[in-house]
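Engineer: One structure coming up, written as structure tokens, with questions to follow.
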Amino acid sequence: MTITADHGYDDLPRLMSLMTGDEKHDFAATSTLDVLWVLYDRVLDVTPGRADAPDRDRFLLSKGHGPMAYYSVLAAKGFVPEEWLPGFGSYDSPLGHHPDRVLVPGAEIGSGSLGHGLPLAVGSALGLRAQGLTGPAVWVLIGDAELDEGSNHEAIAYAGAAGLDRLHTVVVDNASASHALPGGIAARFEAANWSTATVDGRDHDALYEALTAPHPGRPHAVVARVEPKNAR
């Protein structure tokens, strides 16, 4: 098994093309590609050699259906070997249609059940606080359709009231939610005492600025807008 970590962003389409299995959520994958790259390339304090370090940043992929972009970025950064990618979705591959934390190096949670990631991230942030680990940041990536799930709204309300300032949520907005949110997605977080930013989800510099914006005493949410799912 050979693991290299010298890939750049321009190599991600090639890495994604190696996964030729029965993928039924291709747009779910491509909608997250730029956010995932900026996080792993410029924001997250975690590397393959520190994937289990207590003081690492935690990244939780809640939008776990269509994980091709996630696996590509993990391969580009050396968490998983490139040679695993062609087996994506096959019976004996560790790279399933939903990531499995036991099988995929660097994956913090088994994901894919909509509405679970943000509550788990709240618990992770609380656990780190209880241990006195104030350095690590907790990041969770969700889709806008997950905001149809009530569990997320409970998590949003609790995190704001608890002042979980090491918690960060990225909402990839491809206009696939069933229930519109008056005032937009950011307004829901702002009402619960979150810091927010809304940006072009394909603009790497704008994403980096939004992801790293100061937010003392409050959790932070970034809404990354991409092409509408049904507009392709």
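By order in the structure tokens, chains are A, B, ...; within a chain, residues start at 1; ligands start at 1, following the order shown.
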Any idea what's packed within 10 Å of A:Gly217, counting only C-alpha atoms, ignoring anything in its chain fewer than 3 positions away? Could you give it as a PDB file with C-alpha atoms, in the first residue's frame?

Structural biologist:
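Output below, filename selection.pdb:
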```
ATOM      1  CA  GLY A 160     -25.637  28.976  20.549  1.00  0.00           C
ATOM      2  CA  ALA A 162     -23.879  27.105  25.339  1.00  0.00           C
ATOM      3  CA  GLY A 163     -21.443  29.411  23.547  1.00  0.00           C
ATOM      4  CA  LEU A 164     -19.583  26.556  21.837  1.00  0.00           C
ATOM      5  CA  ASP A 165     -17.060  28.791  20.128  1.00  0.00           C
ATOM      6  CA  ARG A 166     -14.895  25.868  18.943  1.00  0.00           C
ATOM      7  CA  ASN A 193     -26.552  33.370  18.701  1.00  0.00           C
ATOM      8  CA  TRP A 194     -24.234  32.011  16.020  1.00  0.00           C
ATOM      9  CA  SER A 195     -21.732  34.018  13.996  1.00  0.00           C
ATOM     10  CA  PRO A 214     -13.139  35.466  14.276  1.00  0.00           C
ATOM     11  CA  HIS A 220     -19.726  29.867  13.626  1.00  0.00           C
TER      12      HIS A 220
END
```

Engineer: What are the DSSP strand (DSSP E or B) residues of chain A, as number ranges by chain?

Structural biologist: A: 58-61, 138-143, 167-173, 195-200, 220-225

Engineer: Mind running stretch 74-157 of chain A against stretch 39-60 of chain A at 7 Å and telling me each contacting residue's nearest atom pair with the distance in Å (one decimal), counting only C-alpha atoms, chain and number ascending, as CSV?

Structural biologist:
```
residue,atom,partner,partner_atom,distance
A:Gly78,CA,A:Pro48,CA,6.3
A:Phe79,CA,A:Pro48,CA,5.1
A:Gly106,CA,A:Ala51,CA,5.7
A:Glu108,CA,A:Leu60,CA,5.7
A:Ile109,CA,A:Leu60,CA,6.2
A:Gly117,CA,A:Leu60,CA,6.6
A:Ala121,CA,A:Leu60,CA,6.9
A:Gly135,CA,A:Asp55,CA,6.7
A:Pro136,CA,A:Asp57,CA,4.7
A:Ala137,CA,A:Asp57,CA,4.9
A:Val138,CA,A:Arg58,CA,4.7
A:Trp139,CA,A:Phe59,CA,4.7
A:Val140,CA,A:Leu60,CA,4.6
A:Leu141,CA,A:Leu60,CA,6.5
```

Engineer: Kindly export the residues of the current selection with C-alpha atoms, as a PDB file, in the first residue's frame.

Structural biologist:
```pdb
ATOM      1  CA  GLY A  78      -2.398  11.183   2.208  1.00  0.00           C
ATOM      2  CA  PHE A  79      -5.031   9.795   4.577  1.00  0.00           C
ATOM      3  CA  GLY A 106      -9.244  10.178   9.039  1.00  0.00           C
ATOM      4  CA  GLU A 108     -14.362  10.866  12.575  1.00  0.00           C
ATOM      5  CA  ILE A 109     -17.895   9.454  12.226  1.00  0.00           C
ATOM      6  CA  GLY A 117     -23.734  15.159  12.049  1.00  0.00           C
ATOM      7  CA  ALA A 121     -20.440  17.791  16.470  1.00  0.00           C
ATOM      8  CA  GLY A 135      -7.394  24.318  21.201  1.00  0.00           C
ATOM      9  CA  PRO A 136      -9.008  21.805  18.832  1.00  0.00           C
ATOM     10  CA  ALA A 137     -11.772  23.063  16.572  1.00  0.00           C
ATOM     11  CA  VAL A 138     -14.756  20.939  15.592  1.00  0.00           C
ATOM     12  CA  TRP A 139     -16.023  21.243  12.031  1.00  0.00           C
ATOM     13  CA  VAL A 140     -19.118  19.653  10.520  1.00  0.00           C
ATOM     14  CA  LEU A 141     -20.254  19.796   6.895  1.00  0.00           C
TER      15      LEU A 141
END
```

Engineer: Taking the chain letters and numbering used in this document, name the residues of stretch 74-197 of chain A that DSSP puts in helix (DSSP H, G or I), as an mmCIF file with N, CA and C atoms, in the first residue's frame.

Structural biologist:
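The result, stored in selection-v1.cif:
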```
data_model
loop_
_atom_site.group_PDB
_atom_site.id
_atom_site.type_symbol
_atom_site.label_atom_id
_atom_site.label_comp_id
_atom_site.auth_asym_id
_atom_site.auth_seq_id
_atom_site.Cartn_x
_atom_site.Cartn_y
_atom_site.Cartn_z
ATOM 1 N N LEU A 74 -9.221 13.098 0.826
ATOM 2 C CA LEU A 74 -8.446 12.285 1.766
ATOM 3 C C LEU A 74 -7.270 11.608 1.070
ATOM 4 N N ALA A 75 -7.478 11.167 -0.170
ATOM 5 C CA ALA A 75 -6.378 10.564 -0.921
ATOM 6 C C ALA A 75 -5.337 11.616 -1.281
ATOM 7 N N ALA A 76 -5.788 12.787 -1.703
ATOM 8 C CA ALA A 76 -4.861 13.857 -2.079
ATOM 9 C C ALA A 76 -3.990 14.279 -0.912
ATOM 10 N N GLU A 82 -4.286 6.140 -2.921
ATOM 11 C CA GLU A 82 -4.981 6.323 -4.191
ATOM 12 C C GLU A 82 -5.468 4.997 -4.766
ATOM 13 N N GLU A 83 -4.728 3.933 -4.498
ATOM 14 C CA GLU A 83 -5.091 2.638 -5.075
ATOM 15 C C GLU A 83 -6.408 2.095 -4.533
ATOM 16 N N TRP A 84 -6.918 2.675 -3.447
ATOM 17 C CA TRP A 84 -8.227 2.258 -2.945
ATOM 18 C C TRP A 84 -9.371 2.801 -3.799
ATOM 19 N N LEU A 85 -9.143 3.906 -4.487
ATOM 20 C CA LEU A 85 -10.248 4.625 -5.128
ATOM 21 C C LEU A 85 -10.988 3.802 -6.189
ATOM 22 N N PRO A 86 -10.304 3.054 -7.062
ATOM 23 C CA PRO A 86 -11.044 2.305 -8.079
ATOM 24 C C PRO A 86 -12.013 1.267 -7.504
ATOM 25 N N GLY A 87 -11.781 0.824 -6.276
ATOM 26 C CA GLY A 87 -12.664 -0.165 -5.666
ATOM 27 C C GLY A 87 -13.881 0.425 -4.990
ATOM 28 N N GLY A 117 -25.082 14.616 11.919
ATOM 29 C CA GLY A 117 -23.734 15.159 12.049
ATOM 30 C C GLY A 117 -23.621 16.346 12.972
ATOM 31 N N LEU A 118 -24.530 17.310 12.861
ATOM 32 C CA LEU A 118 -24.431 18.495 13.705
ATOM 33 C C LEU A 118 -24.646 18.171 15.179
ATOM 34 N N PRO A 119 -25.649 17.358 15.551
ATOM 35 C CA PRO A 119 -25.730 16.971 16.959
ATOM 36 C C PRO A 119 -24.477 16.259 17.459
ATOM 37 N N LEU A 120 -23.871 15.401 16.615
ATOM 38 C CA LEU A 120 -22.631 14.737 17.021
ATOM 39 C C LEU A 120 -21.498 15.743 17.188
ATOM 40 N N ALA A 121 -21.473 16.762 16.342
ATOM 41 C CA ALA A 121 -20.440 17.791 16.470
ATOM 42 C C ALA A 121 -20.618 18.589 17.763
ATOM 43 N N VAL A 122 -21.862 18.859 18.131
ATOM 44 C CA VAL A 122 -22.123 19.539 19.407
ATOM 45 C C VAL A 122 -21.583 18.697 20.557
ATOM 46 N N GLY A 123 -21.848 17.392 20.516
ATOM 47 C CA GLY A 123 -21.325 16.514 21.558
ATOM 48 C C GLY A 123 -19.809 16.474 21.574
ATOM 49 N N SER A 124 -19.187 16.498 20.400
ATOM 50 C CA SER A 124 -17.722 16.513 20.334
ATOM 51 C C SER A 124 -17.159 17.786 20.967
ATOM 52 N N ALA A 125 -17.768 18.929 20.649
ATOM 53 C CA ALA A 125 -17.309 20.199 21.212
ATOM 54 C C ALA A 125 -17.480 20.220 22.720
ATOM 55 N N LEU A 126 -18.591 19.688 23.194
ATOM 56 C CA LEU A 126 -18.816 19.615 24.641
ATOM 57 C C LEU A 126 -17.806 18.689 25.304
ATOM 58 N N GLY A 127 -17.514 17.564 24.653
ATOM 59 C CA GLY A 127 -16.547 16.631 25.217
ATOM 60 C C GLY A 127 -15.159 17.228 25.324
ATOM 61 N N LEU A 128 -14.735 17.949 24.295
ATOM 62 C CA LEU A 128 -13.433 18.604 24.342
ATOM 63 C C LEU A 128 -13.389 19.657 25.439
ATOM 64 N N ARG A 129 -14.470 20.415 25.567
ATOM 65 C CA ARG A 129 -14.527 21.432 26.625
ATOM 66 C C ARG A 129 -14.429 20.771 27.994
ATOM 67 N N ALA A 130 -15.126 19.656 28.188
ATOM 68 C CA ALA A 130 -15.105 18.970 29.473
ATOM 69 C C ALA A 130 -13.711 18.457 29.827
ATOM 70 N N ASP A 144 -27.927 21.666 2.837
ATOM 71 C CA ASP A 144 -29.075 22.491 3.199
ATOM 72 C C ASP A 144 -30.320 21.649 3.435
ATOM 73 N N ALA A 145 -30.452 20.515 2.747
ATOM 74 C CA ALA A 145 -31.621 19.669 2.953
ATOM 75 C C ALA A 145 -31.656 19.060 4.352
ATOM 76 N N GLU A 146 -30.495 18.952 4.997
ATOM 77 C CA GLU A 146 -30.474 18.420 6.360
ATOM 78 C C GLU A 146 -31.172 19.348 7.342
ATOM 79 N N LEU A 147 -31.323 20.595 6.968
ATOM 80 C CA LEU A 147 -32.021 21.525 7.855
ATOM 81 C C LEU A 147 -33.525 21.273 7.869
ATOM 82 N N ASP A 148 -33.998 20.317 7.073
ATOM 83 C CA ASP A 148 -35.377 19.851 7.195
ATOM 84 C C ASP A 148 -35.548 18.965 8.434
ATOM 85 N N GLY A 150 -35.421 18.028 12.317
ATOM 86 C CA GLY A 150 -35.558 18.749 13.585
ATOM 87 C C GLY A 150 -34.366 18.619 14.501
ATOM 88 N N SER A 151 -33.626 17.510 14.412
ATOM 89 C CA SER A 151 -32.470 17.320 15.284
ATOM 90 C C SER A 151 -31.433 18.414 15.081
ATOM 91 N N ASN A 152 -31.314 18.916 13.852
ATOM 92 C CA ASN A 152 -30.360 19.987 13.603
ATOM 93 C C ASN A 152 -30.777 21.278 14.285
ATOM 94 N N HIS A 153 -32.053 21.574 14.309
ATOM 95 C CA HIS A 153 -32.504 22.817 14.929
ATOM 96 C C HIS A 153 -32.324 22.778 16.442
ATOM 97 N N GLU A 154 -32.493 21.609 17.028
ATOM 98 C CA GLU A 154 -32.199 21.474 18.454
ATOM 99 C C GLU A 154 -30.714 21.702 18.720
ATOM 100 N N ALA A 155 -29.866 21.151 17.848
ATOM 101 C CA ALA A 155 -28.421 21.319 18.006
ATOM 102 C C ALA A 155 -28.015 22.779 17.827
ATOM 103 N N ILE A 156 -28.601 23.446 16.836
ATOM 104 C CA ILE A 156 -28.298 24.867 16.606
ATOM 105 C C ILE A 156 -28.657 25.690 17.834
ATOM 106 N N ALA A 157 -29.845 25.454 18.384
ATOM 107 C CA ALA A 157 -30.300 26.215 19.548
ATOM 108 C C ALA A 157 -29.401 25.970 20.753
ATOM 109 N N TYR A 158 -29.035 24.711 20.984
ATOM 110 C CA TYR A 158 -28.209 24.400 22.145
ATOM 111 C C TYR A 158 -26.817 24.982 22.016
ATOM 112 N N ALA A 159 -26.199 24.814 20.847
ATOM 113 C CA ALA A 159 -24.821 25.272 20.660
ATOM 114 C C ALA A 159 -24.708 26.772 20.866
ATOM 115 N N GLY A 160 -25.678 27.534 20.362
ATOM 116 C CA GLY A 160 -25.637 28.976 20.549
ATOM 117 C C GLY A 160 -25.776 29.364 21.998
ATOM 118 N N ALA A 161 -26.711 28.729 22.693
ATOM 119 C CA ALA A 161 -26.919 29.046 24.113
ATOM 120 C C ALA A 161 -25.719 28.656 24.957
ATOM 121 N N ALA A 162 -25.041 27.578 24.579
ATOM 122 C CA ALA A 162 -23.879 27.105 25.339
ATOM 123 C C ALA A 162 -22.593 27.832 24.971
ATOM 124 N N ILE A 185 -30.774 30.792 5.139
ATOM 125 C CA ILE A 185 -30.204 29.824 6.073
ATOM 126 C C ILE A 185 -29.461 30.510 7.212
ATOM 127 N N ALA A 186 -28.669 31.526 6.891
ATOM 128 C CA ALA A 186 -27.873 32.178 7.932
ATOM 129 C C ALA A 186 -28.747 32.754 9.034
ATOM 130 N N ALA A 187 -29.941 33.227 8.689
ATOM 131 C CA ALA A 187 -30.818 33.840 9.681
ATOM 132 C C ALA A 187 -31.199 32.859 10.781
ATOM 133 N N ARG A 188 -31.332 31.580 10.423
ATOM 134 C CA ARG A 188 -31.685 30.575 11.436
ATOM 135 C C ARG A 188 -30.571 30.439 12.465
ATOM 136 N N PHE A 189 -29.340 30.449 12.025
ATOM 137 C CA PHE A 189 -28.211 30.361 12.948
ATOM 138 C C PHE A 189 -28.068 31.646 13.757
ATOM 139 N N GLU A 190 -28.220 32.785 13.101
ATOM 140 C CA GLU A 190 -28.079 34.066 13.791
ATOM 141 C C GLU A 190 -29.088 34.213 14.920
#
```

Engineer: In terms of the shortest atom-to-atom distance over only C-alpha atoms, which of A:Gly115, A:Thr30, A:Ser62, A:Ala213 is closest to A:Pro99?

Structural biologist: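 The shortest atom-to-atom distance to A:Pro99 comes from A:Ser62.
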
Engineer: Excluding A:Gly110 and residues on its chain fewer than 5 positions from it, collect all residues at most 8 Å away from it, counting only C-alpha atoms, and give them as a VMD selection string.

Structural biologist: chain A and resid 98 to 102

Engineer: Report, in Å with one decimal, the straight-line distance from atom CA of A:Gly64 to atom CA of A:Ser111.

Structural biologist: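 It comes out at 5.0 Å.
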